[in-house]
file query19.cif (mmCIF, C-alpha atoms)
data_my_file
#
loop_
_atom_site.label_atom_id
_atom_site.label_comp_id
_atom_site.auth_asym_id
_atom_site.auth_seq_id
_atom_site.Cartn_x
_atom_site.Cartn_y
_atom_site.Cartn_z
CA MET A 6 -27.07 23.20 -92.59
CA SER A 7 -26.11 21.00 -95.55
CA ASN A 8 -23.53 22.54 -97.88
CA GLU A 9 -25.06 20.86 -100.93
CA SER A 10 -28.34 22.76 -101.34
CA PHE A 11 -30.38 25.43 -99.63
CA SER A 12 -34.05 26.33 -100.20
CA LEU A 13 -35.69 29.73 -100.02
CA LYS A 14 -38.81 31.43 -101.34
CA ILE A 15 -38.88 34.66 -103.32
CA GLY A 16 -42.55 35.53 -103.37
CA THR A 17 -44.26 32.57 -105.02
CA PHE A 18 -41.01 31.30 -106.58
CA GLU A 19 -39.37 28.25 -105.02
CA CYS A 20 -35.61 28.70 -105.22
CA ILE A 21 -32.81 26.28 -104.45
CA ILE A 22 -29.12 27.17 -104.22
CA VAL A 23 -27.26 24.11 -105.46
CA ASN A 24 -23.55 23.67 -104.85
CA ASP A 25 -21.49 22.24 -107.70
CA GLY A 26 -18.60 21.62 -105.33
CA THR A 27 -15.58 23.59 -104.19
CA PHE A 28 -12.29 24.75 -105.62
CA ALA A 29 -9.06 25.73 -103.85
CA TYR A 30 -7.50 28.79 -105.48
CA PRO A 31 -3.74 29.06 -104.96
CA HIS A 32 -2.13 32.46 -104.29
CA PRO A 33 -5.55 34.03 -103.60
CA ALA A 34 -4.20 37.51 -102.78
CA GLN A 35 -2.69 37.75 -106.27
CA ILE A 36 -5.74 36.31 -108.00
CA PHE A 37 -8.51 38.22 -106.20
CA PHE A 38 -6.77 41.55 -105.50
CA ALA A 39 -4.36 42.06 -108.38
CA ASN A 40 -3.91 45.81 -107.87
CA ALA A 41 -4.21 46.07 -104.08
CA PRO A 42 -1.44 47.95 -102.27
CA LYS A 43 0.40 45.47 -100.05
CA GLU A 44 -0.06 47.21 -96.70
CA ARG A 45 -3.74 48.04 -97.28
CA LEU A 46 -4.41 44.48 -98.40
CA GLU A 47 -2.72 42.99 -95.34
CA TYR A 48 -4.81 45.21 -93.08
CA ALA A 49 -8.05 44.30 -94.92
CA LEU A 50 -7.30 40.59 -94.72
CA ARG A 51 -6.58 40.76 -91.01
CA GLU A 52 -9.93 42.48 -90.53
CA HIS A 53 -11.40 39.25 -91.96
CA ASN A 54 -9.28 37.07 -89.65
CA ILE A 55 -6.97 36.05 -92.50
CA ASP A 56 -3.23 35.92 -91.88
CA PRO A 57 -1.76 37.33 -95.11
CA ASP A 58 1.53 35.48 -94.57
CA ARG A 59 -0.25 32.12 -94.41
CA TRP A 60 -3.04 32.66 -96.94
CA GLU A 61 -1.78 30.14 -99.47
CA GLN A 62 -5.14 29.01 -100.82
CA HIS A 63 -8.79 30.02 -100.67
CA VAL A 64 -11.57 27.46 -101.01
CA THR A 65 -14.82 28.69 -102.50
CA PRO A 66 -18.07 26.94 -103.39
CA TYR A 67 -19.63 27.18 -106.86
CA LEU A 68 -23.22 28.18 -106.17
CA CYS A 69 -25.78 27.67 -108.94
CA LEU A 70 -29.43 28.64 -108.61
CA VAL A 71 -32.66 26.86 -109.52
CA ILE A 72 -35.86 28.92 -109.78
CA ASN A 73 -39.20 27.12 -109.92
CA THR A 74 -41.75 29.69 -111.05
CA GLY A 75 -44.61 27.20 -111.01
CA GLN A 76 -44.54 27.02 -114.80
CA HIS A 77 -40.81 26.88 -115.49
CA ARG A 78 -37.68 25.48 -113.91
CA VAL A 79 -34.76 27.79 -114.53
CA LEU A 80 -31.11 27.07 -113.78
CA VAL A 81 -28.59 29.90 -113.46
CA ASP A 82 -25.09 28.67 -114.37
CA THR A 83 -24.04 25.03 -114.66
CA GLY A 84 -20.95 24.90 -112.44
CA ALA A 85 -17.52 23.56 -113.33
CA GLY A 86 -18.31 20.02 -114.41
CA GLY A 87 -15.14 17.94 -114.31
CA LEU A 88 -12.75 20.85 -113.86
CA ALA A 89 -11.45 19.36 -110.59
CA PRO A 90 -12.09 16.25 -108.47
CA THR A 91 -14.04 18.45 -106.06
CA THR A 92 -16.46 19.84 -108.69
CA GLY A 93 -19.20 18.44 -110.91
CA LYS A 94 -21.72 17.81 -108.15
CA LEU A 95 -24.51 19.92 -109.63
CA ILE A 96 -26.54 17.13 -111.24
CA PRO A 97 -26.25 14.68 -108.29
CA ASN A 98 -27.29 17.49 -105.95
CA LEU A 99 -30.21 18.38 -108.22
CA GLN A 100 -31.28 14.73 -108.24
CA ASP A 101 -31.13 14.67 -104.46
CA ARG A 102 -33.79 17.38 -104.60
CA ALA A 103 -35.89 15.31 -107.05
CA ILE A 104 -34.91 17.49 -110.02
CA ALA A 105 -33.85 15.62 -113.14
CA PRO A 106 -31.75 17.38 -115.80
CA GLU A 107 -34.70 16.95 -118.19
CA ASP A 108 -36.88 19.04 -115.84
CA ILE A 109 -34.83 22.19 -116.50
CA ASP A 110 -36.38 24.17 -119.36
CA THR A 111 -34.21 27.32 -119.19
CA VAL A 112 -30.51 27.75 -118.44
CA ILE A 113 -29.09 31.25 -117.99
CA LEU A 114 -25.31 31.47 -118.36
CA THR A 115 -23.94 34.58 -116.68
CA HIS A 116 -20.58 34.26 -118.44
CA CYS A 117 -18.24 31.72 -119.98
CA HIS A 118 -15.62 31.06 -117.34
CA PRO A 119 -15.08 27.35 -116.67
CA ASP A 120 -16.77 27.35 -113.27
CA HIS A 121 -20.00 28.69 -114.80
CA ILE A 122 -20.26 26.65 -118.03
CA GLY A 123 -18.31 23.46 -117.31
CA GLY A 124 -21.53 21.64 -116.47
CA ASN A 125 -23.14 22.44 -119.84
CA ILE A 126 -22.21 19.02 -121.19
CA ASP A 127 -21.61 15.48 -120.01
CA SER A 128 -18.49 13.35 -120.44
CA GLU A 129 -19.56 12.48 -123.99
CA GLY A 130 -19.96 16.12 -124.98
CA LYS A 131 -23.77 16.06 -125.01
CA PRO A 132 -25.89 18.78 -123.34
CA ASN A 133 -26.63 17.94 -119.73
CA PHE A 134 -29.98 19.76 -119.97
CA PRO A 135 -31.48 18.47 -123.22
CA ASN A 136 -34.87 20.19 -122.89
CA ALA A 137 -33.55 23.63 -121.98
CA ARG A 138 -33.04 26.76 -123.97
CA TYR A 139 -29.81 28.47 -123.00
CA ILE A 140 -29.67 32.24 -122.55
CA MET A 141 -26.47 34.25 -122.92
CA LEU A 142 -25.47 37.76 -123.90
CA LYS A 143 -24.40 37.97 -127.55
CA ASP A 144 -21.18 39.80 -126.63
CA GLU A 145 -20.15 36.90 -124.42
CA TRP A 146 -20.84 34.25 -127.03
CA ASN A 147 -19.09 36.20 -129.78
CA PHE A 148 -15.99 36.76 -127.66
CA TRP A 149 -15.45 33.16 -126.59
CA THR A 150 -16.40 31.52 -129.90
CA SER A 151 -14.02 33.69 -131.94
CA LYS A 152 -10.35 34.08 -131.05
CA PRO A 153 -10.49 35.50 -127.52
CA ASN A 154 -7.66 37.86 -126.67
CA LEU A 155 -6.66 37.22 -123.08
CA GLU A 156 -3.39 39.15 -123.11
CA GLU A 157 -4.63 41.69 -120.56
CA LEU A 158 -5.43 39.07 -117.91
CA LYS A 159 -2.90 39.00 -115.08
CA VAL A 160 -2.75 35.21 -114.92
CA ASP A 161 -0.27 32.67 -116.27
CA GLU A 162 -0.54 31.04 -119.68
CA HIS A 163 -1.87 27.77 -118.25
CA VAL A 164 -4.92 29.53 -116.80
CA LYS A 165 -5.56 31.27 -120.13
CA GLU A 166 -5.34 27.93 -121.92
CA VAL A 167 -7.89 26.40 -119.51
CA LEU A 168 -10.30 29.32 -120.06
CA ILE A 169 -10.18 28.88 -123.83
CA LYS A 170 -10.22 25.06 -123.75
CA VAL A 171 -13.34 24.85 -121.57
CA ALA A 172 -15.17 27.44 -123.69
CA ARG A 173 -14.36 25.55 -126.89
CA ARG A 174 -15.56 22.28 -125.34
CA SER A 175 -18.65 23.54 -123.50
CA LEU A 176 -20.22 26.05 -125.88
CA PRO A 177 -20.60 24.45 -129.37
CA PRO A 178 -22.76 21.52 -128.14
CA ILE A 179 -25.45 23.91 -126.85
CA GLN A 180 -25.60 26.11 -129.94
CA ASP A 181 -28.81 24.57 -131.27
CA GLN A 182 -30.52 25.32 -127.94
CA LEU A 183 -29.11 28.83 -127.57
CA ASP A 184 -30.95 32.17 -127.47
CA LEU A 185 -28.58 35.12 -127.62
CA VAL A 186 -29.76 38.43 -126.18
CA ASP A 187 -28.16 41.79 -126.88
CA ARG A 188 -29.69 43.83 -124.05
CA GLU A 189 -31.20 43.44 -120.61
CA THR A 190 -34.06 41.04 -121.15
CA GLU A 191 -36.99 39.58 -119.22
CA VAL A 192 -36.27 35.93 -119.85
CA LEU A 193 -39.50 34.88 -118.13
CA PRO A 194 -41.96 36.87 -116.03
CA GLY A 195 -40.05 37.86 -112.89
CA ILE A 196 -36.61 36.83 -114.20
CA GLN A 197 -34.52 39.60 -115.76
CA THR A 198 -30.95 39.63 -117.05
CA VAL A 199 -28.87 42.58 -115.83
CA ALA A 200 -25.83 43.78 -117.77
CA ALA A 201 -22.69 43.50 -115.63
CA PRO A 202 -19.71 43.73 -118.01
CA GLY A 203 -16.07 43.94 -117.03
CA HIS A 204 -15.32 40.59 -115.46
CA THR A 205 -15.88 39.29 -118.99
CA PRO A 206 -17.20 41.20 -122.03
CA GLY A 207 -20.75 39.88 -121.63
CA HIS A 208 -20.87 39.12 -117.92
CA MET A 209 -24.37 39.54 -116.49
CA ALA A 210 -26.32 39.30 -113.27
CA VAL A 211 -29.86 37.98 -112.87
CA ALA A 212 -32.68 39.74 -111.01
CA ILE A 213 -35.51 37.59 -109.65
CA SER A 214 -38.71 39.19 -108.34
CA SER A 215 -42.06 37.85 -107.21
CA ASP A 216 -44.74 39.42 -105.02
CA SER A 217 -42.51 42.41 -104.17
CA GLU A 218 -39.66 40.13 -102.97
CA GLN A 219 -36.34 40.23 -104.79
CA LEU A 220 -33.14 38.26 -105.19
CA LEU A 221 -30.12 39.51 -107.15
CA TYR A 222 -27.71 36.84 -108.40
CA ILE A 223 -24.51 38.81 -108.95
CA ALA A 224 -22.34 35.97 -110.34
CA ASP A 225 -18.71 37.22 -110.25
CA THR A 226 -19.39 40.93 -109.77
CA VAL A 227 -17.63 40.35 -106.45
CA ILE A 228 -15.52 37.29 -105.68
CA HIS A 229 -14.61 37.94 -102.04
CA PRO A 230 -16.30 40.06 -99.32
CA VAL A 231 -13.25 42.36 -99.27
CA HIS A 232 -14.33 43.55 -102.73
CA LEU A 233 -17.32 45.27 -101.13
CA GLU A 234 -15.14 47.19 -98.72
CA GLN A 235 -12.47 47.89 -101.35
CA PRO A 236 -14.46 48.06 -104.61
CA ASP A 237 -11.51 49.45 -106.59
CA TRP A 238 -9.50 46.25 -106.14
CA TYR A 239 -9.98 44.01 -109.14
CA ALA A 240 -9.26 40.35 -109.82
CA ALA A 241 -6.51 39.04 -112.07
CA VAL A 242 -9.17 37.41 -114.26
CA ASP A 243 -11.19 40.63 -114.77
CA PHE A 244 -11.15 41.24 -118.52
CA ALA A 245 -11.69 45.02 -118.29
CA PRO A 246 -10.83 46.10 -114.73
CA GLU A 247 -12.14 49.66 -114.84
CA GLN A 248 -15.43 48.46 -116.30
CA ALA A 249 -15.62 45.68 -113.70
CA ILE A 250 -15.19 48.26 -110.92
CA ALA A 251 -17.90 50.50 -112.38
CA THR A 252 -20.26 47.54 -112.68
CA ARG A 253 -19.53 46.49 -109.12
CA CYS A 254 -20.31 49.94 -107.75
CA ARG A 255 -23.54 50.17 -109.75
CA LEU A 256 -24.87 46.79 -108.62
CA LEU A 257 -23.81 47.21 -105.00
CA ASN A 258 -25.52 50.61 -104.93
CA ARG A 259 -28.64 49.00 -106.37
CA ALA A 260 -28.63 46.15 -103.87
CA ALA A 261 -28.06 48.45 -100.89
CA ALA A 262 -30.66 51.02 -101.95
CA ARG A 263 -33.36 48.41 -102.58
CA LYS A 264 -32.38 46.21 -99.60
CA THR A 265 -32.30 43.29 -102.02
CA LEU A 266 -31.26 39.82 -100.97
CA VAL A 267 -28.07 38.98 -102.88
CA LEU A 268 -26.57 35.68 -103.97
CA ALA A 269 -22.81 35.70 -104.63
CA PHE A 270 -21.48 32.70 -106.56
CA HIS A 271 -18.17 32.37 -104.68
CA PHE A 272 -19.17 33.38 -101.14
CA THR A 273 -19.39 31.00 -98.20
CA PHE A 274 -22.36 28.64 -98.61
CA PRO A 275 -25.20 29.45 -99.10
CA GLY A 276 -23.81 32.72 -100.51
CA LEU A 277 -26.79 34.80 -99.39
CA GLY A 278 -26.71 38.18 -97.71
CA TYR A 279 -27.43 41.87 -97.85
CA VAL A 280 -25.25 44.74 -99.00
CA VAL A 281 -25.04 47.63 -96.55
CA GLN A 282 -23.71 51.05 -97.54
CA GLU A 283 -20.71 52.27 -95.55
CA GLU A 284 -18.92 55.62 -95.67
CA ARG A 285 -16.28 54.50 -98.20
CA GLY A 286 -17.75 51.32 -99.61
CA TRP A 287 -20.11 48.55 -98.62
CA GLN A 288 -20.27 45.69 -96.17
CA TRP A 289 -21.55 42.15 -96.60
CA HIS A 290 -24.12 40.93 -94.06
CA SER A 291 -24.39 37.19 -94.52
CA ILE A 292 -27.71 35.59 -93.62
CA GLU A 293 -25.69 33.19 -91.44
CA THR A 294 -24.49 36.05 -89.24
CA MET A 295 -27.65 38.16 -89.17
CA VAL A 296 -29.69 38.18 -85.98
#
call {"tool": "encode", "arguments": {"input": "query19.cif", "output": "structure tokens"}}
result
Amino acid sequence: MSNESFSLKIGTFECIIVNDGTFAYPHPAQIFFANAPKERLEYALREHNIDPDRWEQHVTPYLCLVINTGQHRVLVDTGAGGLAPTTGKLIPNLQDRAIAPEDIDTVILTHCHPDHIGGNIDSEGKPNFPNARYIMLKDEWNFWTSKPNLEELKVDEHVKEVLIKVARRSLPPIQDQLDLVDRETEVLPGIQTVAAPGHTPGHMAVAISSDSEQLLYIADTVIHPVHLEQPDWYAAVDFAPEQAIATRCRLLNRAAARKTLVLAFHFTFPGLGYVVQEERGWQWHSIETMV
């Protein structure tokens, strides 16, 4: 299996998961599980064949989604752009699938962290998707285009500076193409935004449905499979941790109850699987490991 793109059908919709590249997060235990008790975390990591004493970095893909409805080509998130030497592969990988940036007519931005909006613009600051309307929750836009208060984030000042810098660079150039929504909205027939606040003020998921088949793109509702088993452990970059936990539980319940195929932005390529209810949480069943 190529780690650059992966095709699947949801009813009559042709979908492609497109990898923007990878990023190596340092000190992943601190970043992903900011409030986890040390002994419980060590046990959970070992259950995933991770040695907590040697877990110095965690490499994740950045998985964007293209939906071809037959009438529209929709892109969910634009990746990290030039954030790192290992990112910014979205457009080349789209072109490898015979999709030009001009072919995209709708871009849904789940939230404004650098790895989700860094590909909004090119090196000259011009929109990468010139024919697209961009969809974002109004709360998200208002937060990042004002004076965002990041004091509550449990990350160092450099990370906070990067978050603000990328938002200030990547958002203004798309303003003339932007449609802000203030509630859960059917963007196009079969494509619905789903409120998922907490990770950021206007973080959202995207529900895709066609001919009774469903796919739920959960963005950063969970960042690592351990979050399903320990849903009360939040990430250092979660803006409102208690709200992020409540959102996580609501969406995981929804996915498990409906047996919905799920796409997680940071999970091992292609990021697809099912959420299964367990006694005290959930479990991730990757399509790669399912029989």
call {"tool": "resolve_selection", "arguments": {"input": "query19.cif", "expression": "the PyMOL selection byres ((chain A and resi 42-49) around 12)", "output": "list in words"}}
result
Pro33, Ala34, Gln35, Phe37, Phe38, Ala39, Asn40, Ala41, Leu50, Arg51, Glu52, His53, Asn54, Ile55, Asp56, Pro57, Asp58, Arg59, Trp60, His229, Pro230, Val231, His232, Leu233, Glu234, Gln235, Asp237, Trp238 and Tyr239 of chain A
call {"tool": "residues_near_point", "arguments": {"input": "query19.cif", "point": "(-32.7, 36.5, -94.7)", "cutoff": "9 Å", "atoms": "all atoms listed in the file", "output": "PyMOL selection string"}}
result
chain A and resi 266+277-279+291-293+295
call {"tool": "write_last_selection", "arguments": {"input": "query19.cif", "atoms": "C-alpha atoms", "output": "PDB file, keeping the file's coordinate frame"}}
result
ATOM      1  CA  LEU A 266     -31.260  39.820-100.970  1.00  0.00           C
ATOM      2  CA  LEU A 277     -26.790  34.800 -99.390  1.00  0.00           C
ATOM      3  CA  GLY A 278     -26.710  38.180 -97.710  1.00  0.00           C
ATOM      4  CA  TYR A 279     -27.430  41.870 -97.850  1.00  0.00           C
ATOM      5  CA  SER A 291     -24.390  37.190 -94.520  1.00  0.00           C
ATOM      6  CA  ILE A 292     -27.710  35.590 -93.620  1.00  0.00           C
ATOM      7  CA  GLU A 293     -25.690  33.190 -91.440  1.00  0.00           C
ATOM      8  CA  MET A 295     -27.650  38.160 -89.170  1.00  0.00           C
TER       9      MET A 295
END
call {"tool": "atom_distance", "arguments": {"input": "query19.cif", "atom1": "atom CA of Ile15 of chain A", "atom2": "atom CA of Thr74 of chain A"}}
result
9.6 Å
call {"tool": "residues_around", "arguments": {"input": "query19.cif", "residues": "segment 208-213 of chain A", "least_positions_apart": "2", "cutoff": "6 Å", "atoms": "only C-alpha atoms", "output": "MDAnalysis selection string"}}
result
chainID A and resid 115:116 195:202 205:206 219:224
call {"tool": "write_last_selection", "arguments": {"input": "query19.cif", "atoms": "C-alpha atoms", "output": "compact mmCIF listing (two decimals), in the coordinates of the input"}}
result
# COMPACT_ATOMS: atom_id res chain seq x y z
CA THR A 115 -23.94 34.58 -116.68
CA HIS A 116 -20.58 34.26 -118.44
CA GLY A 195 -40.05 37.86 -112.89
CA ILE A 196 -36.61 36.83 -114.20
CA GLN A 197 -34.52 39.60 -115.76
CA THR A 198 -30.95 39.63 -117.05
CA VAL A 199 -28.87 42.58 -115.83
CA ALA A 200 -25.83 43.78 -117.77
CA ALA A 201 -22.69 43.50 -115.63
CA PRO A 202 -19.71 43.73 -118.01
CA THR A 205 -15.88 39.29 -118.99
CA PRO A 206 -17.20 41.20 -122.03
CA GLN A 219 -36.34 40.23 -104.79
CA LEU A 220 -33.14 38.26 -105.19
CA LEU A 221 -30.12 39.51 -107.15
CA TYR A 222 -27.71 36.84 -108.40
CA ILE A 223 -24.51 38.81 -108.95
CA ALA A 224 -22.34 35.97 -110.34
call {"tool": "closest_residue", "arguments": {"input": "query19.cif", "among": "A:Val281, A:Leu114, A:Ala105, A:Leu99", "to": "Pro135 of chain A", "atoms": "all atoms listed in the file"}}
result
A:Ala105
call {"tool": "atom_distance", "arguments": {"input": "query19.cif", "atom1": "atom CA of Ile228 of chain A", "atom2": "atom CA of Leu68 of chain A"}}
result
11.9 Å
call {"tool": "atom_distance", "arguments": {"input": "query19.cif", "atom1": "atom CA of Leu256 of chain A", "atom2": "atom CA of Glu9 of chain A"}}
result
27.0 Å
call {"tool": "resolve_selection", "arguments": {"input": "query19.cif", "expression": "the PyMOL selection byres ((chain A and resi 149) around 9)", "output": "PyMOL selection string"}}
result
chain A and resi 117+144-148+150-153+169+172-173+176
call {"tool": "write_last_selection", "arguments": {"input": "query19.cif", "atoms": "C-alpha atoms", "output": "short mmCIF file (atom, residue, chain, number, x, y, z; two decimals), keeping the file's coordinate frame"}}
result
data_model
loop_
_atom_site.label_atom_id
_atom_site.label_comp_id
_atom_site.auth_asym_id
_atom_site.auth_seq_id
_atom_site.Cartn_x
_atom_site.Cartn_y
_atom_site.Cartn_z
CA CYS A 117 -18.24 31.72 -119.98
CA ASP A 144 -21.18 39.80 -126.63
CA GLU A 145 -20.15 36.90 -124.42
CA TRP A 146 -20.84 34.25 -127.03
CA ASN A 147 -19.09 36.20 -129.78
CA PHE A 148 -15.99 36.76 -127.66
CA THR A 150 -16.40 31.52 -129.90
CA SER A 151 -14.02 33.69 -131.94
CA LYS A 152 -10.35 34.08 -131.05
CA PRO A 153 -10.49 35.50 -127.52
CA ILE A 169 -10.18 28.88 -123.83
CA ALA A 172 -15.17 27.44 -123.69
CA ARG A 173 -14.36 25.55 -126.89
CA LEU A 176 -20.22 26.05 -125.88
#
call {"tool": "closest_residue", "arguments": {"input": "query19.cif", "among": "A:Glu61, A:Glu162, A:Asp110, A:Asp216", "to": "His77 of chain A", "atoms": "all atoms listed in the file"}}
result
A:Asp110
call {"tool": "residues_near_point", "arguments": {"input": "query19.cif", "point": "(-25.0, 27.7, -107.7)", "cutoff": "10 Å", "atoms": "only C-alpha atoms", "output": "PDB file with C-alpha atoms, in the coordinates of the input"}}
result
ATOM      1  CA  GLU A   9     -25.060  20.860-100.930  1.00  0.00           C
ATOM      2  CA  SER A  10     -28.340  22.760-101.340  1.00  0.00           C
ATOM      3  CA  PHE A  11     -30.380  25.430 -99.630  1.00  0.00           C
ATOM      4  CA  ILE A  21     -32.810  26.280-104.450  1.00  0.00           C
ATOM      5  CA  ILE A  22     -29.120  27.170-104.220  1.00  0.00           C
ATOM      6  CA  VAL A  23     -27.260  24.110-105.460  1.00  0.00           C
ATOM      7  CA  ASN A  24     -23.550  23.670-104.850  1.00  0.00           C
ATOM      8  CA  ASP A  25     -21.490  22.240-107.700  1.00  0.00           C
ATOM      9  CA  GLY A  26     -18.600  21.620-105.330  1.00  0.00           C
ATOM     10  CA  PRO A  66     -18.070  26.940-103.390  1.00  0.00           C
ATOM     11  CA  TYR A  67     -19.630  27.180-106.860  1.00  0.00           C
ATOM     12  CA  LEU A  68     -23.220  28.180-106.170  1.00  0.00           C
ATOM     13  CA  CYS A  69     -25.780  27.670-108.940  1.00  0.00           C
ATOM     14  CA  LEU A  70     -29.430  28.640-108.610  1.00  0.00           C
ATOM     15  CA  VAL A  71     -32.660  26.860-109.520  1.00  0.00           C
ATOM     16  CA  LEU A  80     -31.110  27.070-113.780  1.00  0.00           C
ATOM     17  CA  VAL A  81     -28.590  29.900-113.460  1.00  0.00           C
ATOM     18  CA  ASP A  82     -25.090  28.670-114.370  1.00  0.00           C
ATOM     19  CA  THR A  83     -24.040  25.030-114.660  1.00  0.00           C
ATOM     20  CA  GLY A  84     -20.950  24.900-112.440  1.00  0.00           C
ATOM     21  CA  LEU A  95     -24.510  19.920-109.630  1.00  0.00           C
ATOM     22  CA  ASP A 120     -16.770  27.350-113.270  1.00  0.00           C
ATOM     23  CA  HIS A 121     -20.000  28.690-114.800  1.00  0.00           C
ATOM     24  CA  TYR A 222     -27.710  36.840-108.400  1.00  0.00           C
ATOM     25  CA  ALA A 224     -22.340  35.970-110.340  1.00  0.00           C
ATOM     26  CA  LEU A 268     -26.570  35.680-103.970  1.00  0.00           C
ATOM     27  CA  ALA A 269     -22.810  35.700-104.630  1.00  0.00           C
ATOM     28  CA  PHE A 270     -21.480  32.700-106.560  1.00  0.00           C
ATOM     29  CA  HIS A 271     -18.170  32.370-104.680  1.00  0.00           C
ATOM     30  CA  PHE A 274     -22.360  28.640 -98.610  1.00  0.00           C
ATOM     31  CA  PRO A 275     -25.200  29.450 -99.100  1.00  0.00           C
ATOM     32  CA  GLY A 276     -23.810  32.720-100.510  1.00  0.00           C
TER      33      GLY A 276
END
call {"tool": "residues_around", "arguments": {"input": "query19.cif", "residues": "Ala261 of chain A", "least_positions_apart": "3", "cutoff": "9 Å", "atoms": "only C-alpha atoms", "output": "PyMOL selection string"}}
result
chain A and resi 256-258+264-265+279-282+287
call {"tool": "resolve_selection", "arguments": {"input": "query19.cif", "expression": "the PyMOL selection byres ((chain A and resi 187) around 9)", "output": "PDB file with C-alpha atoms, in the coordinates of the input"}}
result
ATOM      1  CA  MET A 141     -26.470  34.250-122.920  1.00  0.00           C
ATOM      2  CA  LEU A 142     -25.470  37.760-123.900  1.00  0.00           C
ATOM      3  CA  LYS A 143     -24.400  37.970-127.550  1.00  0.00           C
ATOM      4  CA  ASP A 144     -21.180  39.800-126.630  1.00  0.00           C
ATOM      5  CA  LEU A 185     -28.580  35.120-127.620  1.00  0.00           C
ATOM      6  CA  VAL A 186     -29.760  38.430-126.180  1.00  0.00           C
ATOM      7  CA  ARG A 188     -29.690  43.830-124.050  1.00  0.00           C
ATOM      8  CA  GLU A 189     -31.200  43.440-120.610  1.00  0.00           C
ATOM      9  CA  THR A 190     -34.060  41.040-121.150  1.00  0.00           C
TER      10      THR A 190
END
call {"tool": "closest_residue", "arguments": {"input": "query19.cif", "among": "A:Leu168, A:Ser215, A:Pro119, A:Asp161", "to": "Glu19 of chain A", "atoms": "all atoms listed in the file"}}
result
A:Ser215
call {"tool": "closest_residue", "arguments": {"input": "query19.cif", "among": "A:Asn136, A:Thr92, A:Asn125, A:Gln180", "to": "Ile109 of chain A", "atoms": "only C-alpha atoms"}}
result
A:Asn136
call {"tool": "closest_residue", "arguments": {"input": "query19.cif", "among": "A:His63, A:Ala241, A:Arg138, A:Arg253", "to": "Phe272 of chain A", "atoms": "all atoms listed in the file"}}
result
A:His63
call {"tool": "residues_around", "arguments": {"input": "query19.cif", "residues": "Asn133 of chain A", "least_positions_apart": "3", "cutoff": "10 Å", "atoms": "only C-alpha atoms", "output": "JSON list (two decimals) with C-alpha atoms, in the coordinates of the input"}}
result
[["chain", "number", "residue", "atom", "x", "y", "z"],
["A", 83, "THR", "CA", -24.04, 25.03, -114.66],
["A", 96, "ILE", "CA", -26.54, 17.13, -111.24],
["A", 106, "PRO", "CA", -31.75, 17.38, -115.80],
["A", 107, "GLU", "CA", -34.70, 16.95, -118.19],
["A", 109, "ILE", "CA", -34.83, 22.19, -116.50],
["A", 124, "GLY", "CA", -21.53, 21.64, -116.47],
["A", 125, "ASN", "CA", -23.14, 22.44, -119.84],
["A", 126, "ILE", "CA", -22.21, 19.02, -121.19],
["A", 127, "ASP", "CA", -21.61, 15.48, -120.01],
["A", 128, "SER", "CA", -18.49, 13.35, -120.44],
["A", 129, "GLU", "CA", -19.56, 12.48, -123.99],
["A", 130, "GLY", "CA", -19.96, 16.12, -124.98],
["A", 136, "ASN", "CA", -34.87, 20.19, -122.89],
["A", 137, "ALA", "CA", -33.55, 23.63, -121.98],
["A", 178, "PRO", "CA", -22.76, 21.52, -128.14],
["A", 179, "ILE", "CA", -25.45, 23.91, -126.85]]
call {"tool": "closest_residue", "arguments": {"input": "query19.cif", "among": "A:Arg255, A:Arg78, A:Lys94, A:His204", "to": "Asp243 of chain A", "atoms": "only C-alpha atoms"}}
result
A:His204
call {"tool": "axis_aligned_box", "arguments": {"input": "query19.cif", "around": "segment 48-51 of chain A", "padding_each_side": "6 Å", "output": "JSON"}}
result
{"center_x": -6.4, "center_y": 42.9, "center_z": -93.0, "size_x": 15.2, "size_y": 16.6, "size_z": 15.9}
call {"tool": "decode", "arguments": {"input": "query19.cif", "residues": "segment 43-62 of chain A", "atoms": "C-alpha atoms", "output": "PDB file, in the first residue's frame"}}
result
ATOM      1  CA  LYS A  43       2.613   8.334  35.072  1.00  0.00           C
ATOM      2  CA  GLU A  44       2.049   4.690  36.011  1.00  0.00           C
ATOM      3  CA  ARG A  45      -1.240   4.389  34.095  1.00  0.00           C
ATOM      4  CA  LEU A  46       0.336   5.998  31.051  1.00  0.00           C
ATOM      5  CA  GLU A  47       3.327   3.655  31.115  1.00  0.00           C
ATOM      6  CA  TYR A  48       1.004   0.662  31.287  1.00  0.00           C
ATOM      7  CA  ALA A  49      -1.173   1.981  28.413  1.00  0.00           C
ATOM      8  CA  LEU A  50       1.861   2.627  26.223  1.00  0.00           C
ATOM      9  CA  ARG A  51       3.253  -0.841  26.821  1.00  0.00           C
ATOM     10  CA  GLU A  52      -0.105  -2.273  25.782  1.00  0.00           C
ATOM     11  CA  HIS A  53       0.604  -0.571  22.430  1.00  0.00           C
ATOM     12  CA  ASN A  54       4.153  -1.986  22.282  1.00  0.00           C
ATOM     13  CA  ILE A  55       5.681   1.399  23.132  1.00  0.00           C
ATOM     14  CA  ASP A  56       8.556   1.551  25.592  1.00  0.00           C
ATOM     15  CA  PRO A  57       7.788   4.680  27.641  1.00  0.00           C
ATOM     16  CA  ASP A  58      11.465   5.145  28.551  1.00  0.00           C
ATOM     17  CA  ARG A  59      12.475   5.273  24.883  1.00  0.00           C
ATOM     18  CA  TRP A  60       9.480   7.071  23.374  1.00  0.00           C
ATOM     19  CA  GLU A  61      11.341  10.223  22.405  1.00  0.00           C
ATOM     20  CA  GLN A  62       9.361  11.085  19.292  1.00  0.00           C
TER      21      GLN A  62
END
